file query.txt (compact mmCIF, C-alpha atoms)
# COMPACT_ATOMS: atom_id res chain seq x y z
CA MET A 4 -14.55 -8.15 -17.99
CA ALA A 5 -14.02 -6.26 -14.74
CA ARG A 6 -12.35 -8.14 -11.89
CA GLY A 7 -13.62 -7.87 -8.31
CA ALA A 8 -11.51 -5.79 -5.93
CA TYR A 9 -11.81 -4.29 -2.48
CA LEU A 10 -12.11 -0.58 -1.81
CA MET A 11 -11.21 0.66 1.66
CA GLN A 12 -12.01 4.30 2.43
CA LEU A 13 -10.14 4.86 5.65
CA GLY A 14 -10.51 8.55 6.52
CA THR A 15 -7.47 10.24 8.07
CA VAL A 16 -4.69 7.77 8.87
CA PRO A 17 -1.16 8.52 10.20
CA TYR A 18 1.45 7.78 7.55
CA ARG A 19 3.24 4.97 9.42
CA GLU A 20 0.01 3.14 10.21
CA ALA A 21 -1.04 3.32 6.55
CA TRP A 22 2.37 2.12 5.39
CA ASP A 23 2.32 -0.83 7.78
CA LEU A 24 -1.19 -1.66 6.62
CA GLN A 25 -0.17 -1.53 2.96
CA ARG A 26 2.74 -3.92 3.48
CA SER A 27 0.58 -6.44 5.30
CA LEU A 28 -2.29 -6.18 2.82
CA ALA A 29 0.25 -6.59 0.00
CA GLY A 30 1.23 -9.90 1.60
CA ALA A 31 -2.42 -10.94 1.69
CA VAL A 32 -2.93 -9.94 -1.97
CA SER A 33 0.26 -11.75 -2.93
CA GLN A 34 -1.06 -14.99 -1.40
CA GLY A 35 -4.47 -14.59 -3.00
CA ALA A 36 -6.05 -14.28 0.45
CA ILE A 37 -7.74 -11.07 -0.65
CA PRO A 38 -8.25 -9.61 -4.14
CA ASP A 39 -6.64 -6.44 -5.47
CA THR A 40 -7.33 -3.73 -2.91
CA VAL A 41 -7.45 0.06 -3.15
CA LEU A 42 -6.98 2.27 -0.09
CA LEU A 43 -8.26 5.85 -0.19
CA LEU A 44 -7.34 8.10 2.71
CA GLU A 45 -5.84 11.35 3.90
CA HIS A 46 -2.75 11.82 6.05
CA PRO A 47 -2.08 14.25 8.88
CA PRO A 48 0.81 16.56 7.86
CA VAL A 49 3.93 14.54 7.06
CA VAL A 50 7.00 14.81 4.84
CA THR A 51 8.06 11.57 3.20
CA VAL A 52 11.32 10.86 1.45
CA GLY A 53 11.78 8.21 -1.21
CA ARG A 54 14.74 6.10 -2.28
CA ARG A 55 16.05 8.83 -4.62
CA THR A 56 15.79 11.74 -2.18
CA ASP A 57 18.82 13.96 -1.60
CA GLU A 58 17.85 15.03 1.94
CA SER A 59 20.48 17.76 2.29
CA ALA A 60 19.26 19.46 -0.90
CA GLU A 61 15.54 18.83 -0.64
CA LEU A 62 14.63 19.25 3.04
CA HIS A 63 14.61 22.75 4.51
CA LEU A 64 11.89 22.60 7.10
CA PRO A 65 11.66 25.46 9.62
CA ALA A 66 12.48 24.42 13.18
CA ASP A 67 8.90 25.05 14.29
CA ALA A 68 7.27 23.10 11.44
CA GLY A 69 6.43 20.31 13.87
CA VAL A 70 5.93 17.82 11.08
CA GLU A 71 7.04 14.21 11.03
CA ILE A 72 9.60 13.08 8.43
CA VAL A 73 9.34 9.46 7.30
CA GLU A 74 11.81 7.56 5.12
CA THR A 75 9.91 5.21 2.86
CA ASP A 76 10.67 2.45 0.36
CA ARG A 77 8.82 4.07 -2.54
CA GLY A 78 10.53 5.42 -5.62
CA GLY A 79 10.85 9.13 -6.21
CA LYS A 80 11.96 12.03 -4.09
CA SER A 81 10.51 14.00 -1.19
CA THR A 82 6.88 15.01 -0.93
CA PHE A 83 4.39 16.45 1.51
CA HIS A 84 1.07 14.96 2.58
CA GLY A 85 -1.62 16.72 4.54
CA PRO A 86 -5.37 17.00 5.03
CA GLY A 87 -7.13 18.11 1.84
CA GLN A 88 -5.09 15.73 -0.30
CA LEU A 89 -6.64 12.53 -1.65
CA VAL A 90 -4.14 9.72 -1.16
CA CYS A 91 -4.65 6.51 -3.12
CA TYR A 92 -2.71 3.33 -2.43
CA PRO A 93 -3.64 0.61 -4.95
CA ILE A 94 -2.41 -2.81 -3.82
CA LEU A 95 -2.55 -4.65 -7.11
CA ASP A 96 -1.04 -7.92 -8.24
CA LEU A 97 0.62 -6.79 -11.49
CA THR A 98 0.70 -10.36 -12.75
CA ARG A 99 -2.97 -9.61 -13.50
CA HIS A 100 -2.20 -6.17 -14.94
CA GLY A 101 0.57 -6.70 -17.45
CA ARG A 102 3.76 -7.19 -15.34
CA ASP A 103 5.00 -3.79 -16.46
CA VAL A 104 5.84 -1.16 -13.84
CA LYS A 105 6.13 1.69 -16.37
CA ARG A 106 2.72 0.83 -17.77
CA TYR A 107 1.34 0.73 -14.23
CA VAL A 108 2.63 4.27 -13.54
CA ARG A 109 1.16 5.50 -16.84
CA GLU A 110 -2.17 3.95 -15.86
CA LEU A 111 -2.07 5.72 -12.49
CA GLU A 112 -1.54 8.97 -14.41
CA GLU A 113 -4.48 8.10 -16.66
CA ALA A 114 -6.66 7.45 -13.60
CA LEU A 115 -5.69 10.88 -12.27
CA ILE A 116 -6.47 12.54 -15.62
CA ARG A 117 -9.96 10.98 -15.54
CA THR A 118 -10.43 11.90 -11.87
CA ILE A 119 -9.94 15.64 -12.37
CA ALA A 120 -11.65 15.87 -15.79
CA PRO A 121 -15.17 16.19 -14.28
CA PHE A 122 -13.92 19.39 -12.58
CA GLY A 123 -13.07 20.89 -15.97
CA LEU A 124 -9.32 20.30 -15.51
CA GLU A 125 -7.14 18.82 -18.22
CA GLY A 126 -4.32 16.88 -16.59
CA GLN A 127 -1.15 16.32 -18.57
CA ARG A 128 1.93 14.14 -18.42
CA LEU A 129 5.25 15.96 -18.77
CA GLU A 130 8.07 14.11 -20.51
CA GLY A 131 10.59 12.76 -18.00
CA LEU A 132 8.53 13.70 -14.94
CA THR A 133 6.09 11.43 -13.14
CA GLY A 134 2.91 12.80 -11.64
CA LEU A 135 0.16 14.91 -13.11
CA TRP A 136 0.49 18.48 -14.28
CA LEU A 137 -1.62 21.35 -15.55
CA SER A 138 -0.16 23.81 -18.03
CA PRO A 139 0.74 26.39 -19.17
CA PRO A 140 2.63 27.31 -17.08
CA PRO A 141 3.43 23.86 -15.61
CA ARG A 142 1.72 23.34 -12.24
CA LYS A 143 1.93 20.01 -10.45
CA ILE A 144 -1.39 18.80 -9.08
CA ALA A 145 -0.61 15.19 -8.17
CA SER A 146 2.45 13.16 -7.21
CA ILE A 147 3.11 9.48 -7.89
CA GLY A 148 5.52 7.18 -6.08
CA VAL A 149 5.25 3.41 -6.19
CA HIS A 150 6.92 0.31 -4.80
CA VAL A 151 6.60 -3.11 -6.38
CA SER A 152 7.63 -6.33 -4.65
CA ARG A 153 6.92 -9.76 -6.12
CA TRP A 154 4.69 -7.88 -8.62
CA VAL A 155 2.46 -6.51 -5.87
CA THR A 156 2.22 -2.71 -5.69
CA THR A 157 2.25 -0.41 -2.67
CA HIS A 158 2.24 3.40 -2.34
CA GLY A 159 0.50 5.22 -5.22
CA TYR A 160 -0.63 8.79 -5.79
CA ALA A 161 -1.48 11.93 -3.83
CA LEU A 162 -3.88 14.39 -5.50
CA ASN A 163 -3.93 17.93 -4.14
CA VAL A 164 -7.61 18.72 -3.69
CA ASP A 165 -7.71 21.67 -1.31
CA LEU A 166 -4.69 22.39 0.84
CA ASP A 167 -2.09 25.10 1.19
CA PRO A 168 0.66 24.06 -1.27
CA ALA A 169 3.31 26.18 0.51
CA PRO A 170 4.98 23.17 2.25
CA PHE A 171 5.88 21.72 -1.17
CA THR A 172 8.23 24.62 -1.75
CA GLU A 173 8.83 26.27 1.62
CA TRP A 174 9.52 23.13 3.68
CA ILE A 175 10.93 20.89 1.00
CA THR A 176 11.96 20.96 -2.63
CA ALA A 177 9.19 18.53 -3.46
CA CYS A 178 10.03 15.84 -5.98
CA GLY A 179 13.50 17.42 -6.21
CA LEU A 180 12.07 20.05 -8.59
CA GLU A 181 13.57 23.51 -8.12
CA ASP A 182 11.18 26.36 -9.02
CA ALA A 183 8.24 24.01 -9.56
CA THR A 184 4.76 25.32 -8.84
CA PHE A 185 2.22 23.18 -7.03
CA THR A 186 -1.52 23.63 -7.29
CA THR A 187 -4.81 22.12 -6.13
CA VAL A 188 -8.17 21.24 -7.64
CA ALA A 189 -9.87 23.97 -5.56
CA ARG A 190 -7.36 26.63 -6.60
CA GLU A 191 -7.75 25.74 -10.28
CA THR A 192 -11.54 25.64 -10.24
CA GLY A 193 -11.81 28.76 -8.11
CA ARG A 194 -14.32 27.20 -5.76
CA PRO A 195 -14.26 25.01 -2.64
CA VAL A 196 -13.78 21.33 -3.49
CA THR A 197 -13.47 18.66 -0.82
CA VAL A 198 -11.77 15.28 -0.85
CA ALA A 199 -15.24 13.76 -0.50
CA ASP A 200 -16.28 15.53 -3.74
CA VAL A 201 -13.33 14.04 -5.62
CA ARG A 202 -13.37 10.52 -4.15
CA PRO A 203 -16.25 9.07 -6.27
CA HIS A 204 -14.51 10.25 -9.45
CA ALA A 205 -11.25 8.66 -8.27
CA VAL A 206 -13.04 5.35 -7.62
CA ALA A 207 -14.73 5.39 -11.04
CA ALA A 208 -11.46 6.24 -12.81
CA LEU A 209 -9.50 3.48 -11.05
CA GLY A 210 -12.22 0.99 -11.92
CA GLU A 211 -12.18 1.99 -15.59
CA VAL A 212 -8.42 2.14 -16.05
CA PHE A 213 -7.51 -1.05 -14.17
CA GLY A 214 -10.64 -3.03 -15.11
CA LEU A 215 -11.75 -3.40 -11.50
CA GLU A 216 -15.20 -3.68 -10.01
CA LEU A 217 -14.52 -2.04 -6.67
CA GLU A 218 -16.53 -3.30 -3.74
CA GLU A 219 -16.39 -1.09 -0.68
CA LEU A 220 -15.21 -2.86 2.45
CA PRO A 221 -16.84 -2.54 4.81
CA ALA A 222 -19.97 -0.45 4.77
CA GLY A 223 -19.96 1.98 7.69
CA ASP A 224 -22.91 0.34 9.42
CA GLY A 225 -21.44 -3.12 9.65
CA ILE A 226 -18.88 -4.85 11.80
CA GLY A 227 -16.38 -5.63 9.09
CA LEU A 228 -15.53 -9.25 8.53
CA TRP A 229 -18.79 -10.48 7.09
CA THR A 230 -18.91 -12.45 3.88
CA GLN A 231 -18.13 -10.29 0.86
CA PRO A 232 -19.19 -11.44 -2.61
CA VAL A 233 -15.64 -11.16 -3.92
CA HIS A 234 -14.24 -13.06 -0.98
CA ALA A 235 -16.84 -15.78 -1.32
CA GLU A 236 -15.64 -16.30 -4.91
CA LEU A 237 -12.05 -16.60 -3.73
CA ALA A 238 -13.00 -19.11 -1.06
CA LYS A 239 -14.51 -21.44 -3.71
CA ARG A 240 -11.18 -21.84 -5.50
CA MET B 11 31.97 -44.55 11.11
CA ASP B 12 35.25 -42.69 11.32
CA ALA B 13 35.55 -39.39 13.18
CA ALA B 14 35.56 -37.23 10.03
CA ARG B 15 32.38 -38.82 8.66
CA ALA B 16 30.69 -38.49 12.01
CA ARG B 17 31.64 -34.80 12.16
CA ARG B 18 30.31 -34.16 8.65
CA ALA B 19 27.07 -35.95 9.47
CA GLY B 20 26.72 -33.86 12.63
CA GLU B 21 27.30 -30.66 10.66
CA ALA B 22 24.68 -31.63 8.09
CA VAL B 23 22.13 -32.21 10.83
CA SER B 24 22.97 -28.86 12.46
CA GLU B 25 22.59 -27.07 9.12
CA ARG B 26 19.25 -28.68 8.51
CA LEU B 27 18.00 -27.83 12.00
CA ASP B 28 19.18 -24.22 11.57
CA GLY B 29 17.13 -24.03 8.39
CA VAL B 30 14.06 -25.33 10.19
CA ALA B 31 14.66 -22.86 13.03
CA ARG B 32 14.74 -19.99 10.53
CA VAL B 33 11.38 -21.08 9.13
CA TYR B 34 9.91 -21.08 12.64
CA ASP B 35 11.39 -17.60 13.21
CA GLU B 36 9.53 -16.47 10.09
CA ILE B 37 6.32 -18.07 11.36
CA ALA B 38 6.75 -16.29 14.70
CA ALA B 39 7.29 -12.98 12.90
CA GLU B 40 4.11 -13.48 10.84
CA LEU B 41 2.13 -14.29 13.99
CA GLU B 42 3.56 -11.27 15.82
CA GLN B 43 2.52 -9.03 12.94
CA ALA B 44 -0.93 -10.62 12.92
CA LEU B 45 -1.17 -9.98 16.67
CA ALA B 46 -0.20 -6.32 16.23
CA HIS B 47 -2.83 -5.80 13.51
CA VAL B 48 -5.54 -7.53 15.56
CA ARG B 49 -4.78 -5.27 18.53
CA VAL B 50 -5.00 -2.17 16.32
CA ALA B 51 -8.22 -3.51 14.76
CA ALA B 52 -9.73 -3.91 18.24
CA GLU B 53 -8.76 -0.35 19.14
CA HIS B 54 -10.31 1.03 15.95
CA TYR B 55 -13.55 -0.91 16.41
CA ARG B 56 -13.71 0.34 20.00
CA ASN B 57 -13.40 3.88 18.61
CA GLU B 58 -16.04 3.08 15.96
CA LEU B 59 -13.53 3.47 13.12
CA VAL B 60 -15.00 0.54 11.20
CA PRO B 61 -13.14 0.76 7.85
CA ARG B 62 -9.77 1.15 9.57
CA GLY B 63 -10.55 -1.72 11.94
CA ALA B 64 -11.58 -3.96 9.06
CA ALA B 65 -8.47 -3.08 7.04
CA HIS B 66 -6.25 -4.16 9.94
CA ALA B 67 -8.30 -7.33 10.38
CA TRP B 68 -7.71 -8.29 6.74
CA ALA B 69 -4.03 -7.49 7.16
CA ALA B 70 -3.93 -9.88 10.14
CA HIS B 71 -5.73 -12.49 8.06
CA GLY B 72 -2.92 -12.34 5.48
CA HIS B 73 -0.23 -12.91 8.12
CA LEU B 74 -2.17 -15.83 9.63
CA LEU B 75 -2.46 -17.49 6.23
CA ALA B 76 1.25 -17.00 5.62
CA ALA B 77 2.03 -18.57 9.02
CA ARG B 78 -0.33 -21.46 8.30
CA ASP B 79 1.27 -22.05 4.89
CA HIS B 80 4.76 -22.20 6.46
CA LEU B 81 3.51 -24.59 9.15
CA GLU B 82 1.93 -26.84 6.53
CA VAL B 83 5.19 -26.96 4.57
CA GLN B 84 7.00 -27.96 7.76
CA ALA B 85 4.38 -30.59 8.54
CA ARG B 86 4.67 -32.09 5.05
CA ASP B 87 8.46 -32.03 5.31
CA HIS B 88 8.26 -33.82 8.65
CA ALA B 89 5.90 -36.41 7.19
CA ASP B 90 8.24 -36.99 4.25
CA HIS B 91 11.11 -37.71 6.63
CA ALA B 92 9.13 -39.78 9.11
CA VAL B 93 9.92 -43.48 9.17
CA ALA B 94 7.00 -45.79 9.78
CA GLU B 95 7.37 -48.37 12.55
CA PRO B 96 7.65 -51.82 11.00
CA ASP B 97 4.77 -54.21 11.67
CA THR B 98 5.60 -56.67 14.36

call {"tool": "encode", "arguments": {"input": "query.txt", "output": "structure tokens"}}
result
Amino acid sequence: MARGAYLMQLGTVPYREAWDLQRSLAGAVSQGAIPDTVLLLEHPPVVTVGRRTDESAELHLPADAGVEIVETDRGGKSTFHGPGQLVCYPILDLTRHGRDVKRYVRELEEALIRTIAPFGLEGQRLEGLTGLWLSPPPRKIASIGVHVSRWVTTHGYALNVDLDPAPFTEWITACGLEDATFTTVARETGRPVTVADVRPHAVAALGEVFGLELEELPAGDGIGLWTQPVHAELAKR
Amino acid sequence: MDAARARRAGEAVSERLDGVARVYDEIAAELEQALAHVRVAAEHYRNELVPRGAAHAWAAHGHLLAARDHLEVQARDHADHAVAEPDT
């Protein structure tokens, strides 16, 4: 049976604001104040480095790049975010999803595979590498980096929908992968595809894989903190 | 009470009060974070960015609940240590 969860589609949000939001919402999920929550958004251009990043080897931004670099608490190495990339931050209490971080990452990969399938793309996992790939030859289409504290997840995945992938190789050695090729949904399908086109498939895939009934919060025509069915159920406990 | 016992008792009280102070520091931090999120929520609503405003409002809600929970623990602790006045 699917469990109720919140879906927040936030538009374009600066990286630090989204990170701060995730940490606070994770606290709320951890206390049971709100149910599992999924954030979908895009970031303005930003390079983020994870706990395993070797900055001297991976960062080679040109002086005029004018892009912010943010050190984060997620796993993994460096990556680039920018408009045209669907970023998904699931804030899930893993005590309800198996208490297994490796399984959680595999499920994120599965959600990505199902998200791009309707576009005729067959996503693949590559042994020893997180993220989602197309092949042959291997082309990375989505990155995954997660953080788990007290079994509550933050960070998540970034799916390249339609953006110039040059920063992944010219500005940084993304994910620490020398000679890796990065691609996008639009490039692979040979036609324009927007983040808005991909988003409904991402929502459906997350719902299927994690057994969530995602309730969008709030609808665009409301004021926000009205009674939500899921929240009303929580309040009865 | 000899001097050594009095000193030890004083130290125990200080340690306990330090612990309580740390809890109140945590409560203050939660409330400050709630305040920051509420201010951002107000800004987003003013700019008609409803989903972002609501997300920050829920984030504030989480911090307020955390602060309330800490305060309730402190209140219960206080009640447990309170000594009722004897009937006269």

call {"tool": "atom_distance", "arguments": {"input": "query.txt", "atom1": "atom CA of Thr75 of chain A", "atom2": "atom CA of Glu45 of chain A"}}
result
16.9 Å

call {"tool": "residues_around", "arguments": {"input": "query.txt", "residues": "segment 193-198 of chain A", "least_positions_apart": "5", "cutoff": "7 Å", "atoms": "all atoms listed in the file", "output": "MDAnalysis selection string"}}
result
chainID A and resid 87:89 164:165 188

call {"tool": "residues_around", "arguments": {"input": "query.txt", "residues": "Thr133 of chain A", "least_positions_apart": "6", "cutoff": "9 Å", "atoms": "all atoms listed in the file", "output": "ChimeraX atom specification"}}
result
/A:79,108-109,112,146-148

call {"tool": "write_last_selection", "arguments": {"input": "query.txt", "atoms": "C-alpha atoms", "output": "PDB file, in the coordinates of the input"}}
result
ATOM      1  CA  GLY A  79      10.850   9.130  -6.210  1.00  0.00           C
ATOM      2  CA  VAL A 108       2.630   4.270 -13.540  1.00  0.00           C
ATOM      3  CA  ARG A 109       1.160   5.500 -16.840  1.00  0.00           C
ATOM      4  CA  GLU A 112      -1.540   8.970 -14.410  1.00  0.00           C
ATOM      5  CA  SER A 146       2.450  13.160  -7.210  1.00  0.00           C
ATOM      6  CA  ILE A 147       3.110   9.480  -7.890  1.00  0.00           C
ATOM      7  CA  GLY A 148       5.520   7.180  -6.080  1.00  0.00           C
TER       8      GLY A 148
END

call {"tool": "atom_distance", "arguments": {"input": "query.txt", "atom1": "atom CA of Phe213 of chain A", "atom2": "atom CA of Ile119 of chain A"}}
result
17.0 Å

call {"tool": "residues_around", "arguments": {"input": "query.txt", "residues": "segment 32-47 of chain B", "least_positions_apart": "3", "cutoff": "8 Å", "atoms": "only C-alpha atoms", "output": "PyMOL selection string"}}
result
chain B and resi 28-29+50-51+66-67+69-74+76-77+80-81

call {"tool": "atom_distance", "arguments": {"input": "query.txt", "atom1": "atom CA of Ala85 of chain B", "atom2": "atom CA of Ala16 of chain B"}}
result
27.7 Å

call {"tool": "closest_residue", "arguments": {"input": "query.txt", "among": "B:Val83, B:Leu27, B:Ala92, B:Val48", "to": "chain A", "atoms": "only C-alpha atoms"}}
result
B:Val48

call {"tool": "closest_residue", "arguments": {"input": "query.txt", "among": "A:Ala66, A:Leu13, A:Val206, A:Ala5", "to": "chain B", "atoms": "only C-alpha atoms"}}
result
A:Leu13

call {"tool": "decode", "arguments": {"input": "query.txt", "residues": "segment 26-95 of chain B", "atoms": "C-alpha atoms", "output": "CSV table (one decimal), in the first residue's frame"}}
result
chain,number,residue,atom,x,y,z
B,26,ARG,CA,23.8,20.1,36.0
B,27,LEU,CA,23.1,23.7,35.3
B,28,ASP,CA,25.7,23.7,32.4
B,29,GLY,CA,23.7,20.8,30.9
B,30,VAL,CA,20.5,22.7,31.2
B,31,ALA,CA,22.1,25.7,29.7
B,32,ARG,CA,23.2,23.7,26.7
B,33,VAL,CA,19.7,22.5,26.2
B,34,TYR,CA,18.4,26.1,26.2
B,35,ASP,CA,21.2,26.9,23.7
B,36,GLU,CA,19.8,24.2,21.4
B,37,ILE,CA,16.3,25.6,21.8
B,38,ALA,CA,17.5,29.0,20.9
B,39,ALA,CA,19.3,27.7,17.8
B,40,GLU,CA,16.1,25.9,16.7
B,41,LEU,CA,14.1,29.1,17.2
B,42,GLU,CA,16.6,31.1,15.3
B,43,GLN,CA,16.5,28.7,12.4
B,44,ALA,CA,12.7,28.8,12.5
B,45,LEU,CA,12.8,32.6,12.5
B,46,ALA,CA,15.2,32.6,9.4
B,47,HIS,CA,12.9,30.2,7.5
B,48,VAL,CA,9.8,32.3,8.4
B,49,ARG,CA,11.5,35.4,7.1
B,50,VAL,CA,12.4,33.7,3.8
B,51,ALA,CA,8.9,32.3,3.5
B,52,ALA,CA,7.5,35.8,3.9
B,53,GLU,CA,9.8,37.1,1.2
B,54,HIS,CA,8.8,34.3,-1.2
B,55,TYR,CA,5.1,34.8,-0.6
B,56,ARG,CA,5.6,38.5,-1.2
B,57,ASN,CA,7.2,37.6,-4.5
B,58,GLU,CA,4.4,35.1,-5.3
B,59,LEU,CA,6.7,32.1,-5.1
B,60,VAL,CA,4.2,30.0,-3.3
B,61,PRO,CA,5.8,26.5,-3.4
B,62,ARG,CA,9.1,28.0,-2.1
B,63,GLY,CA,7.4,30.0,0.6
B,64,ALA,CA,5.4,26.9,1.7
B,65,ALA,CA,8.5,24.8,1.8
B,66,HIS,CA,10.2,27.3,4.1
B,67,ALA,CA,7.1,27.5,6.3
B,68,TRP,CA,7.1,23.7,6.8
B,69,ALA,CA,10.9,23.9,7.5
B,70,ALA,CA,10.1,26.5,10.2
B,71,HIS,CA,7.3,24.2,11.6
B,72,GLY,CA,9.9,21.4,12.1
B,73,HIS,CA,12.2,23.7,14.1
B,74,LEU,CA,9.3,25.0,16.2
B,75,LEU,CA,8.3,21.4,17.1
B,76,ALA,CA,11.9,20.5,18.0
B,77,ALA,CA,12.1,23.6,20.3
B,78,ARG,CA,8.7,22.7,21.8
B,79,ASP,CA,9.8,19.1,22.5
B,80,HIS,CA,13.0,20.3,24.2
B,81,LEU,CA,11.0,22.8,26.3
B,82,GLU,CA,8.6,20.1,27.3
B,83,VAL,CA,11.5,17.8,28.4
B,84,GLN,CA,12.8,20.6,30.5
B,85,ALA,CA,9.4,21.3,32.0
B,86,ARG,CA,9.0,17.6,32.9
B,87,ASP,CA,12.5,17.5,34.4
B,88,HIS,CA,11.7,20.6,36.4
B,89,ALA,CA,8.5,19.0,37.6
B,90,ASP,CA,10.3,15.8,38.6
B,91,HIS,CA,12.7,17.8,40.8
B,92,ALA,CA,10.2,20.2,42.3
B,93,VAL,CA,9.4,19.6,45.9
B,94,ALA,CA,5.8,20.2,47.0
B,95,GLU,CA,5.2,22.6,49.9
